[in-house]
Amino acid sequence: MTFPPTSTASLSAKAFHRPSKRVLFQFCPVYDAPMDASTFELMKSYLGFTQADAQNLVALKGDIDPILLGVTTRFYEILKAHKETRDVFADDAQIERQKRSFIKWLTELFCGDYGAAYFEQRTAIGRTHSDINLPQHFMIGAMDVVWQSLEEGITRADVTNGRAKLQSVHKLLMLELAVMLGTYKDSYSLVIRDRERLAVEEKLTRAEHLAQIGQLAASLAHEIKNPLAGISGAIQVIRDGLASNDSRIPILAEVLTQINRLDSTVKDLLVYARPKPPLMSPCCVNRILSRVLHVLEEEPAFENIRIERIRCDEDMEVIADPAQLEQLAFNLLLNAAQASSAGSMIRVDTKRLGRWVKLTIQDFGCGMESDTRDRAFEPFYTTKSKGTGLGLPICKRIIDANGGRIRLESTVNKGSKVIIELPAHIEESKGADPC
Ligand code: HEM
Ligand SMILES: Nc1ncnc2c1ncn2[C@@H]1O[C@H](COP(=O)(O)OP(=O)(O)OP(=O)(O)O)[C@@H](O)[C@H]1O
Ligand SMILES: [Mg+2]
């Protein structure tokens, strides 16, 4: 609803501009580049994996072949012993098939060529695991199981230069683990990026849709405004021409009431859809509240409602557009009263918090369901038979245009609290507490 003394409260024009796609995408997190063959080279250098290690691994081939089956059997026994890893497989037959792929993987550890092709092939294996949603902590454990078995087998085989060769095996397994975990990271990043893109796109579609509705509503409102004023004037002329005891006078009075209601809705639409930039000046929140409360005394919703004011005598100066603040207080206080039952109380508190002035309007009325709370700032969202659903969206625009913050707290059947923070007017000589 529009505050009567300032029918077209001004709002920032910027507030009605469509959000640009470029600006929204800027807020998406920046992801690391996906792992590639050059990252693999970097990891090799970081682990100190050299050509000497490659040679050590090739030299182990003959000693390794006899133990590959034992390493594989142990690996899958451990996977089968734990429900979380066992359930990843459809049945024992799949495990048996899997063992062949695993032995191939083990054999390739000792191939001696750890270039780009090796990396690509290992990445494909890694992806298989992230695709089946195998939690990555199992991968870390699994790599250690492989290490323990290989270390045991190689030690028992008593190979020449065993220590150095074991170190080479360990380095390669660490490289394998890095690739495995890298594929997890890459697939998580893709999932997150897709989800975020979807959310941003949904937001944009919604914002564009609302902007279109807003434009349409504004043109309609503009078209309705003048004829409405003409109709109202004509009815008043007819009414003034009737004798004071004419039985049609109450009918005309009702027509005028309805015209006023339409007029107020049209003004709300125009305020919302054609916001004007705020005319900022130092203004006292408590004085504005007193003025608005005085006007609202006449509203039927305020009958039998007690207003409790806290710190209302203090000088709470903010830098804002006073006409817009009146509009804001009017909409919020009216909502509070409409939600309250007779005999209820509305508490209005203002408080200085460092560089901010905090205004709280609290009612003890019907409160909001969580869906209403989530959608309350959406234009045209209303749960009232005679509401337009523009009160809170207008408040949000005013708050944004005046550099403030607004939030809602509400519990069904307990009441609601609207908390607003506006930049305090700080005289240079006085200084301010940092906040
Ligand atoms: C050192 C760790 C591991 C290695 C080296 C490894 C190796 C492999 C290989 C080579 C494949 C075949 C990939 C392909 O066909 O493209 C594979 C598939 C698979 N791995 Fe692993 N794996 C490891 C850990 C695990 C763990 C801990 C589980 C958990 C239960 C697991 C479950 C699977 C399953 C279910 C498949 C088959 C996916 C499918 O066929 O759709 N792996 N693994
Ligand atoms: N103090 C409150 N207590 C309970 N519900 C509230 C309160 N303030 C707002 N709401 C809920 O939020 C909805 C949107 O409020 P908003 O002020 O935007 O529109 P409205 O009051 O329905 O219509 P109008 O355009 O006349 O203000 C309301 O319909 C109501 O459901
Ligand atoms: Mg309202």
# chains A, B, ... in the order shown; residues from 1 in each chain; ligands from 1
>>> residues_near_ligand(ligand="ligand 3", cutoff="9 Å", atoms="only C-alpha atoms and all ligand atoms", output="PDB file with N, CA, C and O atoms, in the first residue's frame")
ATOM      1  N   MET A   1       0.842  -1.192   0.000  1.00  0.00           N
ATOM      2  CA  MET A   1       0.000   0.000   0.000  1.00  0.00           C
ATOM      3  C   MET A   1       0.884   1.251   0.000  1.00  0.00           C
ATOM      4  O   MET A   1       1.965   1.240   0.558  1.00  0.00           O
ATOM      5  N   ASN A 331       4.308   0.733   5.179  1.00  0.00           N
ATOM      6  CA  ASN A 331       4.033  -0.634   4.700  1.00  0.00           C
ATOM      7  C   ASN A 331       4.279  -1.665   5.796  1.00  0.00           C
ATOM      8  O   ASN A 331       3.497  -2.605   5.969  1.00  0.00           O
ATOM      9  N   LEU A 332       5.376  -1.489   6.542  1.00  0.00           N
ATOM     10  CA  LEU A 332       5.720  -2.500   7.547  1.00  0.00           C
ATOM     11  C   LEU A 332       4.766  -2.465   8.737  1.00  0.00           C
ATOM     12  O   LEU A 332       4.348  -3.509   9.244  1.00  0.00           O
ATOM     13  N   LEU A 333       4.435  -1.244   9.169  1.00  0.00           N
ATOM     14  CA  LEU A 333       3.527  -1.139  10.317  1.00  0.00           C
ATOM     15  C   LEU A 333       2.137  -1.650   9.947  1.00  0.00           C
ATOM     16  O   LEU A 333       1.465  -2.308  10.744  1.00  0.00           O
ATOM     17  N   LEU A 334       1.724  -1.377   8.714  1.00  0.00           N
ATOM     18  CA  LEU A 334       0.420  -1.857   8.276  1.00  0.00           C
ATOM     19  C   LEU A 334       0.404  -3.383   8.227  1.00  0.00           C
ATOM     20  O   LEU A 334      -0.546  -4.014   8.694  1.00  0.00           O
ATOM     21  N   ASN A 335       1.464  -3.979   7.705  1.00  0.00           N
ATOM     22  CA  ASN A 335       1.541  -5.446   7.693  1.00  0.00           C
ATOM     23  C   ASN A 335       1.441  -5.990   9.109  1.00  0.00           C
ATOM     24  O   ASN A 335       0.742  -6.969   9.366  1.00  0.00           O
ATOM     25  N   ALA A 336       2.183  -5.339  10.027  1.00  0.00           N
ATOM     26  CA  ALA A 336       2.193  -5.810  11.413  1.00  0.00           C
ATOM     27  C   ALA A 336       0.787  -5.753  12.002  1.00  0.00           C
ATOM     28  O   ALA A 336       0.330  -6.706  12.658  1.00  0.00           O
ATOM     29  N   GLN A 338      -2.074  -5.689  10.346  1.00  0.00           N
ATOM     30  CA  GLN A 338      -2.973  -6.629   9.654  1.00  0.00           C
ATOM     31  C   GLN A 338      -2.777  -8.063  10.148  1.00  0.00           C
ATOM     32  O   GLN A 338      -3.688  -8.875  10.085  1.00  0.00           O
ATOM     33  N   THR A 382       0.981 -12.510  -2.221  1.00  0.00           N
ATOM     34  CA  THR A 382       0.156 -12.090  -1.091  1.00  0.00           C
ATOM     35  C   THR A 382      -0.677 -13.249  -0.586  1.00  0.00           C
ATOM     36  O   THR A 382      -1.021 -14.144  -1.352  1.00  0.00           O
ATOM     37  N   LYS A 384      -3.294 -12.233   1.320  1.00  0.00           N
ATOM     38  CA  LYS A 384      -4.477 -11.472   1.758  1.00  0.00           C
ATOM     39  C   LYS A 384      -5.459 -11.302   0.602  1.00  0.00           C
ATOM     40  O   LYS A 384      -5.027 -11.073  -0.528  1.00  0.00           O
ATOM     41  N   GLY A 387      -4.910  -7.882  -0.690  1.00  0.00           N
ATOM     42  CA  GLY A 387      -3.520  -7.408  -0.819  1.00  0.00           C
ATOM     43  C   GLY A 387      -3.071  -7.401  -2.273  1.00  0.00           C
ATOM     44  O   GLY A 387      -3.601  -8.130  -3.104  1.00  0.00           O
ATOM     45  N   THR A 388      -2.074  -6.560  -2.549  1.00  0.00           N
ATOM     46  CA  THR A 388      -1.507  -6.595  -3.904  1.00  0.00           C
ATOM     47  C   THR A 388      -0.167  -7.337  -3.896  1.00  0.00           C
ATOM     48  O   THR A 388       0.362  -7.676  -4.937  1.00  0.00           O
ATOM     49  N   GLY A 389       0.388  -7.505  -2.703  1.00  0.00           N
ATOM     50  CA  GLY A 389       1.684  -8.186  -2.624  1.00  0.00           C
ATOM     51  C   GLY A 389       2.828  -7.308  -3.074  1.00  0.00           C
ATOM     52  O   GLY A 389       3.863  -7.810  -3.524  1.00  0.00           O
ATOM     53  N   LEU A 390       2.650  -6.001  -2.922  1.00  0.00           N
ATOM     54  CA  LEU A 390       3.746  -5.108  -3.331  1.00  0.00           C
ATOM     55  C   LEU A 390       4.369  -4.383  -2.141  1.00  0.00           C
ATOM     56  O   LEU A 390       5.395  -3.729  -2.287  1.00  0.00           O
ATOM     57  N   GLY A 391       3.727  -4.514  -0.961  1.00  0.00           N
ATOM     58  CA  GLY A 391       4.236  -3.792   0.210  1.00  0.00           C
ATOM     59  C   GLY A 391       5.690  -4.112   0.513  1.00  0.00           C
ATOM     60  O   GLY A 391       6.550  -3.217   0.549  1.00  0.00           O
ATOM     61  N   LEU A 392       5.988  -5.386   0.697  1.00  0.00           N
ATOM     62  CA  LEU A 392       7.369  -5.764   1.060  1.00  0.00           C
ATOM     63  C   LEU A 392       8.343  -5.588  -0.109  1.00  0.00           C
ATOM     64  O   LEU A 392       9.473  -5.119   0.114  1.00  0.00           O
TER      65      LEU A 392
END
>>> residues_around(residues="Tyr114 of chain A", least_positions_apart="2", cutoff="12 Å", atoms="only C-alpha atoms", output="list in words")
Ala37, Phe40, Glu41, Met43, Lys44, Phe49, Thr50, Gln51, Asp53, Ala54, Gln55, Leu57, Val58, Glu108, Leu109, Phe110, Cys111, Gly112, Ala116, Ala117, Tyr118, Phe119, Glu120, Gln121, Arg122, Leu172, Leu175 and Glu176 of chain A
>>> write_last_selection(atoms="C-alpha atoms", output="PDB file, in the first residue's frame")
ATOM      1  CA  ALA A  37      49.150 -34.491 -18.721  1.00  0.00           C
ATOM      2  CA  PHE A  40      50.933 -35.284 -14.205  1.00  0.00           C
ATOM      3  CA  GLU A  41      54.426 -34.173 -15.231  1.00  0.00           C
ATOM      4  CA  MET A  43      53.425 -34.301  -9.928  1.00  0.00           C
ATOM      5  CA  LYS A  44      56.229 -36.550 -11.176  1.00  0.00           C
ATOM      6  CA  PHE A  49      59.899 -39.587 -10.032  1.00  0.00           C
ATOM      7  CA  THR A  50      62.653 -39.859 -12.640  1.00  0.00           C
ATOM      8  CA  GLN A  51      63.779 -42.130 -15.447  1.00  0.00           C
ATOM      9  CA  ASP A  53      62.396 -44.943 -11.133  1.00  0.00           C
ATOM     10  CA  ALA A  54      60.914 -46.011 -14.472  1.00  0.00           C
ATOM     11  CA  GLN A  55      63.892 -48.357 -14.938  1.00  0.00           C
ATOM     12  CA  LEU A  57      59.899 -50.551 -12.101  1.00  0.00           C
ATOM     13  CA  VAL A  58      60.662 -52.322 -15.393  1.00  0.00           C
ATOM     14  CA  GLU A 108      50.924 -51.816 -16.354  1.00  0.00           C
ATOM     15  CA  LEU A 109      52.529 -50.334 -13.234  1.00  0.00           C
ATOM     16  CA  PHE A 110      55.732 -51.994 -14.403  1.00  0.00           C
ATOM     17  CA  CYS A 111      55.495 -51.042 -18.110  1.00  0.00           C
ATOM     18  CA  GLY A 112      58.239 -48.379 -17.944  1.00  0.00           C
ATOM     19  CA  ALA A 116      50.767 -38.757 -21.578  1.00  0.00           C
ATOM     20  CA  ALA A 117      49.114 -41.970 -22.854  1.00  0.00           C
ATOM     21  CA  TYR A 118      49.620 -43.620 -19.455  1.00  0.00           C
ATOM     22  CA  PHE A 119      48.103 -40.592 -17.759  1.00  0.00           C
ATOM     23  CA  GLU A 120      45.032 -40.570 -20.073  1.00  0.00           C
ATOM     24  CA  GLN A 121      44.404 -44.261 -19.524  1.00  0.00           C
ATOM     25  CA  ARG A 122      44.726 -43.927 -15.727  1.00  0.00           C
ATOM     26  CA  LEU A 172      54.243 -44.440  -8.690  1.00  0.00           C
ATOM     27  CA  LEU A 175      51.102 -40.659  -8.633  1.00  0.00           C
ATOM     28  CA  GLU A 176      48.267 -43.108  -9.283  1.00  0.00           C
TER      29      GLU A 176
END
>>> residues_around(residues="Arg74 of chain A", least_positions_apart="3", cutoff="9 Å", atoms="only C-alpha atoms", output="MDAnalysis selection string")
chainID A and resid 69:71 77:79 145:146 149
>>> closest_residue(among="A:Asn286, A:Gln215, A:Gln258, A:Ser264", to="ligand 2", atoms="only C-alpha atoms and all ligand atoms")
A:Ser264
>>> residues_around(residues="Ser281 of chain A", least_positions_apart="5", cutoff="7 Å", atoms="only C-alpha atoms", output="CSV table (one decimal) with N, CA, C and O atoms, in the first residue's frame")
chain,number,residue,atom,x,y,z
A,319,ILE,N,21.1,8.6,6.9
A,319,ILE,CA,21.2,9.3,5.6
A,319,ILE,C,20.3,8.5,4.7
A,319,ILE,O,20.6,7.4,4.3
A,320,ALA,N,19.2,9.1,4.3
A,320,ALA,CA,18.2,8.4,3.5
A,320,ALA,C,17.2,9.4,2.9
A,320,ALA,O,17.3,10.6,3.2
A,321,ASP,N,16.3,8.8,2.1
A,321,ASP,CA,15.3,9.7,1.5
A,321,ASP,C,14.1,9.6,2.5
A,321,ASP,O,13.5,8.5,2.7
>>> residues_near_ligand(ligand="ligand 2", cutoff="9 Å", atoms="only C-alpha atoms and all ligand atoms", output="MDAnalysis selection string")
chainID A and resid 1:2 265 268 331:340 361:369 372:373 375:395 408 410:412 415:418
>>> write_last_selection(atoms="N, CA and C atoms", output="compact mmCIF listing (two decimals), in the first residue's frame")
# COMPACT_ATOMS: atom_id res chain seq x y z
N MET A 1 0.84 -1.19 0.00
CA MET A 1 0.00 0.00 0.00
C MET A 1 0.88 1.25 0.00
N THR A 2 0.40 2.33 -0.63
CA THR A 2 1.22 3.54 -0.74
C THR A 2 0.92 4.49 0.41
N THR A 265 -3.82 0.89 -5.35
CA THR A 265 -3.13 -0.24 -5.99
C THR A 265 -2.33 0.24 -7.19
N ASP A 268 0.76 1.93 -6.05
CA ASP A 268 1.76 0.92 -5.62
C ASP A 268 2.49 0.35 -6.82
N ASN A 331 4.31 0.73 5.18
CA ASN A 331 4.03 -0.63 4.70
C ASN A 331 4.28 -1.67 5.80
N LEU A 332 5.38 -1.49 6.54
CA LEU A 332 5.72 -2.50 7.55
C LEU A 332 4.77 -2.46 8.74
N LEU A 333 4.43 -1.24 9.17
CA LEU A 333 3.53 -1.14 10.32
C LEU A 333 2.14 -1.65 9.95
N LEU A 334 1.72 -1.38 8.71
CA LEU A 334 0.42 -1.86 8.28
C LEU A 334 0.40 -3.38 8.23
N ASN A 335 1.46 -3.98 7.70
CA ASN A 335 1.54 -5.45 7.69
C ASN A 335 1.44 -5.99 9.11
N ALA A 336 2.18 -5.34 10.03
CA ALA A 336 2.19 -5.81 11.41
C ALA A 336 0.79 -5.75 12.00
N ALA A 337 0.08 -4.65 11.74
CA ALA A 337 -1.26 -4.50 12.31
C ALA A 337 -2.22 -5.49 11.66
N GLN A 338 -2.07 -5.69 10.35
CA GLN A 338 -2.97 -6.63 9.65
C GLN A 338 -2.78 -8.06 10.15
N ALA A 339 -1.58 -8.36 10.63
CA ALA A 339 -1.30 -9.72 11.11
C ALA A 339 -1.74 -9.91 12.57
N SER A 340 -2.03 -8.78 13.27
CA SER A 340 -2.30 -8.85 14.71
C SER A 340 -3.80 -8.97 14.98
N ILE A 361 10.60 -3.73 13.86
CA ILE A 361 9.14 -3.66 14.01
C ILE A 361 8.67 -5.08 14.29
N GLN A 362 8.14 -5.26 15.50
CA GLN A 362 7.78 -6.62 15.91
C GLN A 362 6.29 -6.71 16.23
N ASP A 363 5.66 -7.71 15.67
CA ASP A 363 4.26 -7.93 16.05
C ASP A 363 4.13 -9.31 16.68
N PHE A 364 2.99 -9.53 17.34
CA PHE A 364 2.76 -10.82 18.00
C PHE A 364 1.53 -11.48 17.40
N GLY A 365 1.47 -11.35 16.07
CA GLY A 365 0.28 -11.81 15.35
C GLY A 365 0.42 -13.22 14.80
N CYS A 366 -0.16 -13.41 13.61
CA CYS A 366 -0.28 -14.77 13.06
C CYS A 366 1.05 -15.38 12.61
N GLY A 367 2.06 -14.57 12.37
CA GLY A 367 3.34 -15.10 11.89
C GLY A 367 3.22 -15.64 10.47
N MET A 368 4.33 -16.18 9.96
CA MET A 368 4.32 -16.66 8.57
C MET A 368 4.76 -18.11 8.49
N GLU A 369 4.14 -18.84 7.58
CA GLU A 369 4.61 -20.18 7.23
C GLU A 369 5.96 -20.01 6.54
N THR A 372 5.73 -18.67 2.99
CA THR A 372 5.41 -17.23 2.92
C THR A 372 6.65 -16.41 3.24
N ARG A 373 7.39 -16.85 4.25
CA ARG A 373 8.60 -16.11 4.65
C ARG A 373 9.59 -16.07 3.47
N ARG A 375 8.90 -16.24 0.32
CA ARG A 375 8.41 -15.55 -0.86
C ARG A 375 7.91 -14.14 -0.59
N ALA A 376 7.97 -13.72 0.68
CA ALA A 376 7.34 -12.45 1.08
C ALA A 376 7.84 -11.24 0.27
N PHE A 377 9.09 -11.26 -0.19
CA PHE A 377 9.62 -10.10 -0.91
C PHE A 377 9.39 -10.21 -2.42
N GLU A 378 8.70 -11.26 -2.82
CA GLU A 378 8.42 -11.47 -4.25
C GLU A 378 7.26 -10.56 -4.67
N PRO A 379 7.41 -9.81 -5.76
CA PRO A 379 6.30 -8.95 -6.16
C PRO A 379 5.03 -9.75 -6.44
N PHE A 380 3.92 -9.20 -6.02
CA PHE A 380 2.57 -9.77 -6.21
C PHE A 380 2.32 -11.03 -5.37
N TYR A 381 3.24 -11.37 -4.49
CA TYR A 381 2.97 -12.50 -3.60
C TYR A 381 2.16 -11.98 -2.41
N THR A 382 0.98 -12.51 -2.22
CA THR A 382 0.16 -12.09 -1.09
C THR A 382 -0.68 -13.25 -0.59
N THR A 383 -0.98 -13.23 0.72
CA THR A 383 -1.89 -14.23 1.26
C THR A 383 -3.19 -13.54 1.68
N LYS A 384 -3.29 -12.23 1.32
CA LYS A 384 -4.48 -11.47 1.76
C LYS A 384 -5.46 -11.30 0.60
N SER A 385 -6.75 -11.40 0.93
CA SER A 385 -7.74 -11.31 -0.16
C SER A 385 -7.68 -9.94 -0.83
N LYS A 386 -7.36 -8.89 -0.07
CA LYS A 386 -7.32 -7.56 -0.67
C LYS A 386 -5.90 -7.02 -0.84
N GLY A 387 -4.91 -7.88 -0.69
CA GLY A 387 -3.52 -7.41 -0.82
C GLY A 387 -3.07 -7.40 -2.27
N THR A 388 -2.07 -6.56 -2.55
CA THR A 388 -1.51 -6.59 -3.90
C THR A 388 -0.17 -7.34 -3.90
N GLY A 389 0.39 -7.50 -2.70
CA GLY A 389 1.68 -8.19 -2.62
C GLY A 389 2.83 -7.31 -3.07
N LEU A 390 2.65 -6.00 -2.92
CA LEU A 390 3.75 -5.11 -3.33
C LEU A 390 4.37 -4.38 -2.14
N GLY A 391 3.73 -4.51 -0.96
CA GLY A 391 4.24 -3.79 0.21
C GLY A 391 5.69 -4.11 0.51
N LEU A 392 5.99 -5.39 0.70
CA LEU A 392 7.37 -5.76 1.06
C LEU A 392 8.34 -5.59 -0.11
N PRO A 393 7.97 -5.96 -1.37
CA PRO A 393 8.91 -5.68 -2.46
C PRO A 393 9.28 -4.19 -2.56
N ILE A 394 8.30 -3.32 -2.31
CA ILE A 394 8.62 -1.88 -2.33
C ILE A 394 9.61 -1.57 -1.20
N CYS A 395 9.36 -2.16 -0.02
CA CYS A 395 10.29 -1.94 1.11
C CYS A 395 11.70 -2.38 0.73
N LEU A 408 13.73 -10.71 7.71
CA LEU A 408 12.48 -11.09 8.37
C LEU A 408 12.72 -12.25 9.31
N SER A 410 10.17 -14.84 11.60
CA SER A 410 8.74 -15.06 11.85
C SER A 410 8.47 -16.48 12.31
N THR A 411 7.53 -16.61 13.22
CA THR A 411 7.12 -17.94 13.67
C THR A 411 5.59 -17.97 13.66
N VAL A 412 5.06 -19.04 13.08
CA VAL A 412 3.60 -19.14 12.99
C VAL A 412 2.98 -19.04 14.39
N GLY A 415 4.32 -14.55 15.87
CA GLY A 415 4.51 -13.19 15.38
C GLY A 415 5.71 -13.04 14.46
N SER A 416 5.92 -11.81 14.05
CA SER A 416 6.99 -11.54 13.08
C SER A 416 7.81 -10.33 13.52
N LYS A 417 9.03 -10.31 13.02
CA LYS A 417 9.92 -9.21 13.33
C LYS A 417 10.58 -8.80 12.03
N VAL A 418 10.52 -7.51 11.69
CA VAL A 418 11.25 -7.04 10.52
C VAL A 418 12.40 -6.21 11.05
>>> closest_atom_pairs(of="chain A", to="ligand 1", cutoff="8 Å", atoms="only C-alpha atoms and all ligand atoms", output="CSV")
residue,atom,partner,partner_atom_place_in_ligand_line,distance
A:Leu79,CA,ligand 1,30 (C),5.8
A:Glu84,CA,ligand 1,30 (C),7.4
A:Thr85,CA,ligand 1,30 (C),3.9
A:Arg86,CA,ligand 1,30 (C),5.8
A:Asp87,CA,ligand 1,30 (C),7.3
A:Val88,CA,ligand 1,30 (C),5.1
A:Phe89,CA,ligand 1,35 (C),5.0
A:Ala90,CA,ligand 1,35 (C),7.9
A:Gln94,CA,ligand 1,37 (C),7.8
A:Ile95,CA,ligand 1,35 (C),7.8
A:Gln98,CA,ligand 1,18 (C),6.3
A:Ser101,CA,ligand 1,10 (C),4.8
A:Phe102,CA,ligand 1,10 (C),4.8
A:Ile103,CA,ligand 1,10 (C),7.9
A:Lys104,CA,ligand 1,10 (C),7.1
A:Trp105,CA,ligand 1,10 (C),5.3
A:Leu106,CA,ligand 1,5 (C),7.4
A:Ala124,CA,ligand 1,16 (O),6.2
A:Ile125,CA,ligand 1,13 (C),4.6
A:Gly126,CA,ligand 1,8 (C),7.6
A:Thr128,CA,ligand 1,38 (C),5.7
A:His129,CA,ligand 1,20 (N),5.9
A:Ile132,CA,ligand 1,38 (C),6.7
A:Leu134,CA,ligand 1,29 (C),6.3
A:Phe138,CA,ligand 1,27 (C),4.9
A:Met139,CA,ligand 1,27 (C),4.9
A:Ile140,CA,ligand 1,1 (C),7.6
A:Gly141,CA,ligand 1,27 (C),7.4
A:Ala142,CA,ligand 1,1 (C),4.7
A:Met143,CA,ligand 1,1 (C),4.1
A:Asp144,CA,ligand 1,1 (C),7.6
A:Val145,CA,ligand 1,1 (C),7.6
A:Val146,CA,ligand 1,1 (C),6.3
A:Glu176,CA,ligand 1,5 (C),7.9
A:Leu177,CA,ligand 1,1 (C),7.5
>>> closest_residue(among="A:Ile426, A:Ser247, A:His82, A:Met174", to="Tyr46 of chain A", atoms="only C-alpha atoms")
A:Met174
>>> select_by_dssp(residues="segment 142-357 of chain A", states="strand (DSSP E)", output="MDAnalysis selection string")
chainID A and resid 281:284 306:310 317:320 345:353 356:357
>>> atom_distance(atom1="atom CA of Val255 of chain A", atom2="atom CA of Asn226 of chain A")
16.7 Å
>>> closest_residue(among="A:Glu151, A:Asp349, A:Asp240, A:Asp91", to="Glu308 of chain A", atoms="only C-alpha atoms")
A:Asp349
>>> residues_around(residues="Arg287 of chain A", least_positions_apart="5", cutoff="10 Å", atoms="only C-alpha atoms", output="list in words")
Val292, Leu293, Cys312, Asp313, Glu314, Asp315, Met316, Glu317 and Glu326 of chain A
>>> atom_distance(atom1="atom CA of Thr72 of chain A", atom2="atom CA of Asp92 of chain A")
14.5 Å
>>> residues_around(residues="Ile235 of chain A", least_positions_apart="3", cutoff="8 Å", atoms="only C-alpha atoms", output="PyMOL selection string")
chain A and resi 231-232+238-239+252+256
>>> write_last_selection(atoms="C-alpha atoms", output="PDB file, in the first residue's frame")
ATOM      1  CA  ILE A 231     -14.527   8.741 -12.786  1.00  0.00           C
ATOM      2  CA  SER A 232     -13.844   9.743  -9.191  1.00  0.00           C
ATOM      3  CA  ILE A 238     -23.086  13.667  -8.913  1.00  0.00           C
ATOM      4  CA  ARG A 239     -22.953  13.107  -5.134  1.00  0.00           C
ATOM      5  CA  LEU A 252     -21.886   6.585  -4.258  1.00  0.00           C
ATOM      6  CA  LEU A 256     -15.698   6.196  -4.142  1.00  0.00           C
TER       7      LEU A 256
END
